[in-house]
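A.B. asks: Structure incoming, see below.
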Amino acid sequence: MGHVHVIRILHTTFGIFGNVFGILLFLAPMITFKRIIMKRSTEKFSGVPYLMSLFNCLFSAWYGLPFVSPNNKLLTVLASVGGALEAIYVLIFLIFSPKKEKFKISGILFLVLSIFSIVALVSVLTLHGNKRKLLCGLAFAITCIMMFGAPLTVMRLVIKSKSVEYMPFFLSLSIFNSSTTWAIYGLLGKDPFVTVPNAIGSLLACVQLILYVIYRDNKKKQDLEMEGSIETGLGIPQNELQKNMEASQLDNGL
């Protein structure tokens, strides 16, 4: 009995920590969206990760409800807060994205809301007990993996451009902290629907952090070059300007 009591305390503790790290994760994109609002453009940022996060929040909140999955109320609390924030992010993305991207985001959003509505209705009207938990748990796990897998497109961009400009460090760190905590929470609660997708998310976030370490110096070089171009006032990096001046002096000497 004492062992079970300790497990329950640890389960609740990791759930609370999961909520803290999860809220920090949902707040992390604010830096990105501040930039989007100031520039009035989504630039090369992708709206898909935020849609997948919203998709996951809907199923997380549903799965954590007592009549679907007992002892997962903390999951519903976090998902409700996260869902509200992700909805705001998607709205901002719709406002400032190009027409083609608006059409794409709107289509995916309609699909996301339709799938969630169908699964929620089927689980309430036709399923009971473990069957309801199984359906909602699978939906939750799949959308969780989709959410963690969404940044793969950004990771490909990082490798291709050798720059981490469009992969914010704090977002990757927040994903790692949150997914690792929830994976442990799932292990303690013997819930594979929570453990497996979050373990995958922790692994993918770890890869993102490794990429950041590899390519962060390239971002610093780009920032320095941009500063040089601003200082010279000619819109080209200072080292290129210096090369052009040296070439011009050689031509004049000849």
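Identifiers in this document derive from the order of the structure tokens: chains are assigned A, B, ..., residues are numbered from 1 separately in each chain, and ligands are numbered from 1 in order of occurrence.
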Would you pick out the contacts of segment 155-172 of chain A at 12 Å or less, using only C-alpha atoms, so that residues sharing its chain but fewer than 4 positions from it are not included, and give the list as number ranges by chain?
C.D. replies: A: 21-33, 35-36, 42-46, 49-50, 148-151, 176-179, 201-223
A.B. asks: Using DSSP assignments from the backbone, pull out every residue in segment 29-220 of chain A that falls under helix (DSSP H, G or I) and give it to me as a PyMOL selection string.
C.D. replies: chain A and resi 30-39+48-63+73-96+99-125+129-149+152-161+169-188+192-220
A.B. asks: If I take atom CA of Val196 of chain A and atom CA of Leu152 of chain A, how far is one from the other in Å, to one decimal?
C.D. replies: 18.2 Å
A.B. asks: Counting only C-alpha atoms, which residue out of A:Ala120, A:Val81, A:Leu188, A:Ile88 sits closest to Gly137 of chain A?
C.D. replies: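 Ranking A:Ala120, A:Val81, A:Leu188, A:Ile88 by distance to Gly137 of chain A, first place goes to A:Ala120.
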A.B. asks: Compile the contact shell of segment 94-97 of chain A as a list in words: residues with an atom at most 7 Å away, counting only C-alpha atoms, same-chain residues fewer than 4 positions apart removed.
C.D. replies: Arg40, Ser41, Thr42, Val90, Glu101 and Lys102 of chain A
A.B. asks: Write a file of the selected residues as a PDB file, in the first residue's frame, keeping C-alpha atoms.
C.D. replies:
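The resulting file, out_26.pdb, is shown below:
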ATOM      1  CA  ARG A  40       3.022  41.584 -40.847  1.00  0.00           C
ATOM      2  CA  SER A  41       4.283  38.457 -42.585  1.00  0.00           C
ATOM      3  CA  THR A  42       4.658  34.776 -41.688  1.00  0.00           C
ATOM      4  CA  VAL A  90      -3.616  29.771 -35.862  1.00  0.00           C
ATOM      5  CA  GLU A 101      -1.086  29.595 -47.283  1.00  0.00           C
ATOM      6  CA  LYS A 102      -4.434  30.914 -45.933  1.00  0.00           C
TER       7      LYS A 102
END
A.B. asks: Using only C-alpha atoms for the distances, tell me which of A:Pro192, A:Gly47, A:Asn198, A:Thr13 is nearest to Leu91 of chain A.
C.D. replies: A:Gly47
A.B. asks: Would you list the contacts of Gly83 of chain A as a ChimeraX atom specification, taking every protein, DNA or RNA residue within 9 Å and counting only C-alpha atoms, but skipping same-chain residues closer than 4 positions in sequence?
C.D. replies: /A:26,53-58,61,78-79,87-88
A.B. asks: How many Å lie between atom CA of Leu109 of chain A and atom CA of Trp182 of chain A, rounded to one decimal?
C.D. replies: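 Spanning atom CA of Leu109 of chain A to atom CA of Trp182 of chain A is a straight-line distance of 26.0 Å.
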A.B. asks: Would you compute the distance between atom CA of Thr126 of chain A and atom CA of Tyr63 of chain A? Give it in Å to one decimal.
C.D. replies: 16.0 Å
